[in-house]
$ cat data22.txt   # compact mmCIF, C-alpha atoms and all ligand atoms
# COMPACT_ATOMS: atom_id res chain seq x y z
CA MET A 920 140.02 260.49 -64.71
CA ASP A 921 140.31 261.70 -68.28
CA VAL A 922 136.91 261.42 -69.96
CA PHE A 923 138.40 259.45 -72.87
CA GLU A 924 140.01 256.94 -70.55
CA ALA A 925 136.58 256.35 -69.01
CA LEU A 926 134.93 256.08 -72.45
CA TYR A 927 137.48 253.69 -73.91
CA THR A 928 137.88 251.40 -70.91
CA THR A 929 134.32 251.11 -69.60
CA ARG A 930 133.36 247.63 -70.70
CA ALA A 931 131.68 244.51 -69.47
CA MET A 932 133.60 243.79 -66.24
CA ARG A 933 131.70 240.74 -65.04
CA ARG A 934 134.33 239.16 -62.80
CA VAL A 935 134.33 241.17 -59.58
CA LYS A 936 135.30 240.80 -55.92
CA GLU A 937 132.79 240.25 -53.14
CA ASP A 938 133.98 243.36 -51.23
CA PRO A 939 131.09 245.74 -50.61
CA ILE A 940 131.02 249.08 -52.38
CA PRO A 941 131.00 252.07 -49.99
CA ASP A 942 127.74 254.00 -49.77
CA ASN A 943 129.30 257.26 -50.95
CA ILE A 944 130.36 255.58 -54.21
CA ILE A 945 126.91 254.05 -54.73
CA LYS A 946 125.36 257.49 -54.15
CA SER A 947 127.77 259.04 -56.66
CA MET A 948 126.85 256.41 -59.27
CA ILE A 949 123.12 257.15 -58.93
CA ASP A 950 123.65 260.90 -58.72
CA SER A 951 125.61 260.69 -61.99
CA ALA A 952 122.93 258.50 -63.59
CA ILE A 953 120.16 261.02 -62.99
CA ARG A 954 122.17 263.81 -64.73
CA ALA A 955 121.59 262.01 -68.03
CA PRO A 956 119.20 263.24 -70.71
CA SER A 957 115.76 261.69 -71.22
CA GLY A 958 113.01 262.35 -73.77
CA SER A 959 111.36 265.72 -72.94
CA ASN A 960 113.35 265.55 -69.71
CA ARG A 961 110.59 263.37 -68.28
CA GLN A 962 112.91 261.28 -66.09
CA ASN A 963 110.35 258.51 -65.88
CA TRP A 964 112.83 256.23 -64.20
CA LYS A 965 113.56 254.46 -60.95
CA PHE A 966 116.78 252.88 -59.81
CA LEU A 967 116.52 250.03 -57.38
CA VAL A 968 119.81 249.58 -55.53
CA VAL A 969 120.26 246.07 -54.15
CA THR A 970 123.03 245.28 -51.67
CA ASP A 971 121.14 242.90 -49.32
CA LYS A 972 122.67 239.40 -49.45
CA ASN A 973 119.38 237.49 -49.22
CA ILE A 974 117.78 239.50 -51.98
CA ARG A 975 120.87 239.15 -54.16
CA GLU A 976 120.72 235.39 -53.69
CA LYS A 977 117.08 235.28 -54.80
CA LEU A 978 117.88 237.36 -57.87
CA SER A 979 120.90 235.20 -58.54
CA ASN A 980 118.68 232.11 -58.92
CA ILE A 981 116.47 233.94 -61.42
CA TYR A 982 119.48 235.25 -63.33
CA ARG A 983 121.16 231.83 -63.57
CA GLU A 984 118.03 230.07 -64.83
CA THR A 985 117.31 232.79 -67.35
CA TRP A 986 120.90 232.93 -68.59
CA ASP A 987 121.11 229.14 -69.03
CA TYR A 988 117.87 229.13 -70.97
CA TYR A 989 118.95 232.09 -73.15
CA ILE A 990 122.41 230.82 -74.04
CA ASN A 991 121.29 227.25 -74.70
CA SER A 992 118.45 228.31 -76.95
CA PHE A 993 120.78 230.71 -78.79
CA LEU A 994 123.44 228.08 -79.42
CA ASN A 995 120.87 225.42 -80.37
CA SER A 996 119.08 227.68 -82.82
CA ALA A 997 122.43 228.74 -84.30
CA LYS A 998 123.24 225.07 -85.00
CA ASP A 999 119.77 224.13 -86.23
CA PRO A 1000 119.79 223.91 -90.06
CA GLY A 1001 116.02 224.45 -90.06
CA ALA A 1002 116.21 227.69 -88.04
CA SER A 1003 114.76 230.80 -89.61
CA SER A 1004 117.29 233.05 -91.35
CA LEU A 1005 116.81 235.63 -88.57
CA LYS A 1006 117.95 233.12 -86.00
CA LYS A 1007 120.84 231.81 -88.07
CA GLN A 1008 124.13 233.42 -87.09
CA ASN A 1009 127.35 233.48 -89.03
CA ASP A 1010 130.36 231.58 -87.65
CA LYS A 1011 132.13 234.74 -86.53
CA ASP A 1012 129.11 235.85 -84.50
CA ILE A 1013 128.80 232.41 -82.95
CA GLU A 1014 132.50 232.50 -82.00
CA THR A 1015 132.04 235.95 -80.43
CA ILE A 1016 129.03 234.75 -78.45
CA ARG A 1017 130.96 231.68 -77.26
CA ARG A 1018 133.81 233.91 -76.05
CA ILE A 1019 131.41 236.25 -74.28
CA SER A 1020 129.53 233.30 -72.89
CA ASN A 1021 132.60 232.14 -70.89
CA SER A 1022 132.69 235.44 -69.07
CA ALA A 1023 128.90 235.64 -68.96
CA SER A 1024 128.67 232.12 -67.53
CA TRP A 1025 131.09 233.18 -64.78
CA LEU A 1026 128.64 235.96 -63.93
CA ALA A 1027 125.68 233.59 -63.97
CA GLU A 1028 127.47 231.17 -61.63
CA ASN A 1029 128.77 233.86 -59.28
CA TYR A 1030 125.92 236.35 -59.44
CA HIS A 1031 125.17 235.97 -55.70
CA LYS A 1032 128.71 237.18 -54.93
CA VAL A 1033 128.38 240.43 -56.88
CA PRO A 1034 128.11 243.06 -54.12
CA LEU A 1035 125.91 245.58 -55.91
CA LEU A 1036 123.03 245.29 -58.37
CA VAL A 1037 121.22 248.31 -59.74
CA LEU A 1038 117.93 247.67 -61.49
CA ALA A 1039 116.93 250.37 -63.96
CA LEU A 1040 113.19 250.72 -64.57
CA SER A 1041 111.20 253.12 -66.69
CA ARG A 1042 107.61 253.77 -67.70
CA ASN A 1043 105.65 255.70 -70.33
CA ASP A 1044 108.58 255.32 -72.70
CA PRO A 1045 107.39 253.24 -75.68
CA THR A 1046 110.86 253.07 -77.26
CA GLY A 1047 112.54 252.18 -73.96
CA SER A 1048 115.46 254.37 -74.97
CA SER A 1049 115.34 257.17 -72.39
CA ILE A 1050 116.89 255.05 -69.64
CA TYR A 1051 120.06 254.06 -71.51
CA PRO A 1052 121.97 257.35 -71.24
CA ALA A 1053 121.38 257.20 -67.46
CA ILE A 1054 122.59 253.61 -67.32
CA TRP A 1055 125.72 254.54 -69.25
CA ASN A 1056 126.32 257.55 -66.95
CA LEU A 1057 126.09 255.19 -64.00
CA MET A 1058 128.60 252.81 -65.59
CA LEU A 1059 131.02 255.64 -66.43
CA ALA A 1060 130.76 257.02 -62.89
CA ALA A 1061 131.48 253.54 -61.54
CA ARG A 1062 134.53 253.35 -63.83
CA GLY A 1063 135.71 256.67 -62.41
CA HIS A 1064 135.61 255.10 -58.95
CA GLY A 1065 137.46 251.99 -60.12
CA ILE A 1066 134.29 249.88 -60.03
CA GLY A 1067 133.58 247.37 -62.81
CA THR A 1068 130.05 247.03 -64.15
CA CYS A 1069 128.11 244.94 -66.62
CA LEU A 1070 124.85 245.95 -68.25
CA THR A 1071 122.57 242.90 -68.28
CA THR A 1072 119.09 242.43 -69.66
CA VAL A 1073 118.34 238.71 -69.55
CA MET A 1074 116.50 239.00 -66.23
CA SER A 1075 113.91 241.17 -67.96
CA PHE A 1076 112.61 237.92 -69.50
CA GLU A 1077 111.45 236.95 -66.00
CA THR A 1078 110.08 240.29 -64.89
CA GLU A 1079 107.23 238.78 -62.86
CA LYS A 1080 109.57 236.78 -60.66
CA VAL A 1081 111.92 239.74 -60.20
CA PHE A 1082 109.03 242.08 -59.31
CA GLU A 1083 107.81 239.61 -56.71
CA VAL A 1084 111.21 239.36 -55.02
CA LEU A 1085 111.57 243.15 -54.92
CA ASN A 1086 107.95 244.10 -54.17
CA ILE A 1087 107.70 246.10 -57.38
CA PRO A 1088 104.02 246.72 -58.20
CA ASN A 1089 103.11 245.07 -61.51
CA ASP A 1090 100.11 247.30 -62.23
CA LYS A 1091 101.91 250.66 -62.38
CA GLY A 1092 103.45 250.34 -65.83
CA TRP A 1093 107.06 249.81 -64.80
CA THR A 1094 109.37 248.03 -67.22
CA LEU A 1095 112.62 246.46 -66.11
CA ASN A 1096 115.05 247.72 -68.75
CA ALA A 1097 118.32 246.46 -67.35
CA THR A 1098 120.21 245.30 -64.31
CA ILE A 1099 123.72 246.61 -63.80
CA THR A 1100 126.08 244.40 -61.83
CA ALA A 1101 128.93 246.18 -60.04
CA GLY A 1102 131.99 245.41 -57.97
CA TYR A 1103 135.74 245.89 -57.68
CA PRO A 1104 137.30 244.16 -60.69
CA LEU A 1105 139.16 240.86 -60.48
CA GLY A 1106 140.73 241.52 -63.89
CA LYS A 1107 142.48 244.43 -65.55
CA TRP A 1108 141.00 247.38 -67.41
CA GLY A 1109 141.58 247.48 -71.15
CA VAL A 1110 140.39 249.17 -74.30
CA ALA A 1111 137.43 247.37 -75.87
CA GLU A 1112 138.06 245.77 -79.26
CA ARG A 1113 135.42 246.75 -81.79
CA LYS A 1114 134.71 246.58 -85.51
CA PRO A 1115 136.79 249.30 -87.23
CA VAL A 1116 135.22 252.73 -87.69
CA ASP A 1117 135.40 252.44 -91.50
CA ASP A 1118 133.34 249.22 -91.38
CA VAL A 1119 130.46 250.86 -89.54
CA THR A 1120 130.46 254.49 -90.76
CA TYR A 1121 129.35 256.16 -93.97
CA LEU A 1122 129.99 259.75 -94.98
CA ASN A 1123 127.12 261.92 -96.24
CA THR A 1124 125.33 259.19 -98.17
CA TRP A 1125 124.58 255.55 -97.44
CA GLY A 1126 127.31 253.26 -98.73
CA ASN A 1127 129.97 255.98 -99.05
CA LYS A 1128 132.71 254.57 -96.86
CA THR A 1129 134.85 256.86 -94.69
CA ASN A 1130 138.36 255.47 -95.40
CA TRP A 1131 139.71 257.13 -92.26
CA ASN A 1132 141.98 254.13 -91.65
CA LEU A 1133 141.42 254.07 -87.92
CA GLU A 1134 142.93 250.64 -87.39
CA GLN A 1135 144.02 251.50 -83.84
CA PRO A 1136 141.90 253.25 -81.19
CA LEU A 1137 142.54 257.02 -81.07
CA TRP A 1138 142.94 256.75 -77.31
CA ASN A 1139 145.10 254.06 -75.73
CA TYR A 1140 147.20 253.48 -72.65
C1 LIG B 1 121.57 245.97 -74.20
C2 LIG B 1 122.63 245.08 -73.61
C3 LIG B 1 122.25 243.90 -72.98
C4 LIG B 1 123.21 243.07 -72.39
N1 LIG B 1 122.81 241.96 -71.70
C5 LIG B 1 123.75 241.18 -71.07
C6 LIG B 1 123.35 240.09 -70.23
O1 LIG B 1 122.16 239.84 -70.03
N2 LIG B 1 124.32 239.37 -69.63
C7 LIG B 1 125.65 239.65 -69.78
O2 LIG B 1 126.50 238.94 -69.20
N3 LIG B 1 126.06 240.68 -70.56
C8 LIG B 1 125.14 241.46 -71.19
N4 LIG B 1 125.54 242.56 -71.93
C9 LIG B 1 126.97 242.90 -72.04
C10 LIG B 1 127.52 242.66 -73.45
O3 LIG B 1 127.68 241.29 -73.67
C11 LIG B 1 128.85 243.42 -73.56
O4 LIG B 1 128.59 244.78 -73.40
C12 LIG B 1 129.52 243.19 -74.91
O5 LIG B 1 129.84 241.82 -75.06
C13 LIG B 1 130.80 244.02 -75.05
O6 LIG B 1 131.70 243.65 -74.02
P1 LIG B 1 133.07 244.44 -73.83
O7 LIG B 1 132.72 245.87 -73.65
O8 LIG B 1 133.71 243.86 -72.61
O9 LIG B 1 133.89 244.22 -75.07
C14 LIG B 1 124.60 243.40 -72.49
C15 LIG B 1 124.96 244.61 -73.12
C16 LIG B 1 124.01 245.44 -73.66
C17 LIG B 1 124.44 246.75 -74.30
$ encode --input "data22.txt" --output "structure tokens"
Amino acid sequence: MDVFEALYTTRAMRRVKEDPIPDNIIKSMIDSAIRAPSGSNRQNWKFLVVTDKNIREKLSNIYRETWDYYINSFLNSAKDPGASSLKKQNDKDIETIRRISNSASWLAENYHKVPLLVLALSRNDPTGSSIYPAIWNLMLAARGHGIGTCLTTVMSFETEKVFEVLNIPNDKGWTLNATITAGYPLGKWGVAERKPVDDVTYLNTWGNKTNWNLEQPLWNY
């Protein structure tokens, strides 16, 4: 696959089939992940691959509870006139979250059916940033194999419960940075819609807009 096709079409593919993912593809996803850069090349990471149905069901319960709590508190605080300005969201953001939350709620309800979960953990990384290139490599590799993924973090709010289910020691400094869900897509691939380049880019000095007029993505089908 062309690298730009992978870059432009790797997006949150939450709705996936129950069909298992072959071992050779899982191995390729992890082998691609570990090629990523990390601070001082320390590679202080572990990837916990979960395919076992019983374990996925246990994680599914944690995910659903955590997601429900997260989305309800977000929407309530967004509506609350007394909420702090940090918590207040503008209407467009709320609309975006509502749209995402339909797809995200599907994931929460069907989490137990997702055939593959990869938990990404790191330690001795105060910024928590060294793991993300590896996670993105994993997601791009999955895309190359026609597998849809979604990067999720809400389960990190319940790390203790997750660690217990998976026998992860809680005294060795591991942080659960993200869980990637993966499966063959139920929907179609498409190019992600984003804020235009000119809205989010400055040239040379802060505030100097680019005016590149990139209304359409530079790569498209
Ligand atoms: C750091 C991070 C955390 C995320 N956490 C969750 C999550 O917990 N649950 C979920 O369903 N999606 C989660 N997402 C997925 C985002 O909602 C998704 O990437 C975003 O809405 C863009 O979707 P798109 O690429 O399909 O346009 C997360 C993404 C990132 C980058």
$ residues_around --input "data22.txt" --residues "Trp1055 of chain A" --least-positions-apart "3" --cutoff "9 Å" --atoms "only C-alpha atoms" --output "PDB file with C-alpha atoms, keeping the file's coordinate frame"
ATOM      1  CA  ALA A 952     122.930 258.500 -63.590  1.00  0.00           C
ATOM      2  CA  ALA A 955     121.590 262.010 -68.030  1.00  0.00           C
ATOM      3  CA  ILE A1050     116.890 255.050 -69.640  1.00  0.00           C
ATOM      4  CA  TYR A1051     120.060 254.060 -71.510  1.00  0.00           C
ATOM      5  CA  PRO A1052     121.970 257.350 -71.240  1.00  0.00           C
ATOM      6  CA  MET A1058     128.600 252.810 -65.590  1.00  0.00           C
ATOM      7  CA  LEU A1059     131.020 255.640 -66.430  1.00  0.00           C
ATOM      8  CA  ALA A1060     130.760 257.020 -62.890  1.00  0.00           C
ATOM      9  CA  LEU A1070     124.850 245.950 -68.250  1.00  0.00           C
TER      10      LEU A1070
END
$ closest_residue --input "data22.txt" --among "A:Leu1036, A:Phe1082, A:Val1116, A:Ser1020" --to "Asn991 of chain A" --atoms "only C-alpha atoms"
A:Ser1020
$ atom_distance --input "data22.txt" --atom1 "atom CA of Met948 of chain A" --atom2 "atom CA of Ile1066 of chain A"
9.9 Å
$ residues_near_ligand --input "data22.txt" --ligand "ligand LIG 1 (chain B)" --cutoff "10 Å" --atoms "only C-alpha atoms and all ligand atoms" --output "VMD selection string"
chain A and resid 927 to 933 982 985 to 986 989 to 990 1015 to 1016 1018 to 1027 1051 1054 to 1055 1068 to 1076 1096 to 1100 1108 to 1113
$ axis_aligned_box --input "data22.txt" --around "segment 1057-1061 of chain A" --padding-each-side "8 Å" --output "lines of an AutoDock Vina configuration file"
center_x = 128.8
center_y = 254.9
center_z = -64.0
size_x = 21.4
size_y = 20.2
size_z = 20.9
$ closest_residue --input "data22.txt" --among "A:Lys946, A:Arg975, A:Arg954, A:Arg983" --to "Glu1077 of chain A" --atoms "only C-alpha atoms"
A:Arg983
$ atom_distance --input "data22.txt" --atom1 "atom CA of Leu1095 of chain A" --atom2 "atom CA of Ser1041 of chain A"
6.8 Å
$ decode --input "data22.txt" --residues "segment 996-1060 of chain A" --atoms "C-alpha atoms" --output "CSV table (one decimal), in the first residue's frame"
chain,number,residue,atom,x,y,z
A,996,SER,CA,-20.3,19.3,32.5
A,997,ALA,CA,-20.7,20.8,29.0
A,998,LYS,CA,-24.3,21.6,29.8
A,999,ASP,CA,-23.7,22.9,33.3
A,1000,PRO,CA,-23.7,26.7,33.3
A,1001,GLY,CA,-21.7,26.7,36.6
A,1002,ALA,CA,-18.9,24.5,35.1
A,1003,SER,CA,-15.4,26.0,35.0
A,1004,SER,CA,-14.3,27.6,31.8
A,1005,LEU,CA,-11.9,24.7,31.2
A,1006,LYS,CA,-14.8,22.3,31.2
A,1007,LYS,CA,-17.1,24.4,29.1
A,1008,GLN,CA,-17.0,23.4,25.5
A,1009,ASN,CA,-18.3,25.3,22.5
A,1010,ASP,CA,-21.3,24.1,20.6
A,1011,LYS,CA,-19.2,22.8,17.7
A,1012,ASP,CA,-17.0,20.7,20.0
A,1013,ILE,CA,-20.1,19.3,21.7
A,1014,GLU,CA,-21.6,18.4,18.3
A,1015,THR,CA,-18.3,16.7,17.3
A,1016,ILE,CA,-18.2,14.7,20.6
A,1017,ARG,CA,-21.9,13.7,20.1
A,1018,ARG,CA,-21.1,12.4,16.6
A,1019,ILE,CA,-18.0,10.5,17.8
A,1020,SER,CA,-20.0,9.2,20.8
A,1021,ASN,CA,-22.4,7.3,18.5
A,1022,SER,CA,-19.5,5.3,17.1
A,1023,ALA,CA,-17.7,5.2,20.4
A,1024,SER,CA,-20.9,3.9,22.1
A,1025,TRP,CA,-21.0,1.1,19.5
A,1026,LEU,CA,-17.5,0.2,20.6
A,1027,ALA,CA,-18.4,0.3,24.3
A,1028,GLU,CA,-21.5,-1.9,23.7
A,1029,ASN,CA,-19.7,-4.4,21.4
A,1030,TYR,CA,-16.2,-4.4,23.0
A,1031,HIS,CA,-16.4,-8.1,23.9
A,1032,LYS,CA,-16.8,-8.9,20.2
A,1033,VAL,CA,-13.6,-7.1,19.1
A,1034,PRO,CA,-11.2,-9.9,18.2
A,1035,LEU,CA,-8.0,-8.3,19.2
A,1036,LEU,CA,-6.9,-5.8,21.9
A,1037,VAL,CA,-3.4,-4.6,22.2
A,1038,LEU,CA,-2.5,-2.8,25.5
A,1039,ALA,CA,0.5,-0.4,25.2
A,1040,LEU,CA,2.4,0.1,28.5
A,1041,SER,CA,5.4,2.1,29.2
A,1042,ARG,CA,7.6,3.1,32.2
A,1043,ASN,CA,10.3,5.6,33.1
A,1044,ASP,CA,8.8,8.0,30.6
A,1045,PRO,CA,7.5,11.1,32.5
A,1046,THR,CA,6.0,12.7,29.4
A,1047,GLY,CA,4.3,9.4,28.3
A,1048,SER,CA,5.1,10.4,24.7
A,1049,SER,CA,7.6,7.7,23.7
A,1050,ILE,CA,4.9,5.0,23.2
A,1051,TYR,CA,2.8,7.0,20.7
A,1052,PRO,CA,5.0,6.6,17.6
A,1053,ALA,CA,4.9,2.8,18.3
A,1054,ILE,CA,1.2,2.8,18.7
A,1055,TRP,CA,0.8,4.7,15.4
A,1056,ASN,CA,3.2,2.3,13.6
A,1057,LEU,CA,1.0,-0.6,14.9
A,1058,MET,CA,-2.1,1.1,13.6
A,1059,LEU,CA,-0.6,1.9,10.2
A,1060,ALA,CA,0.7,-1.7,9.9
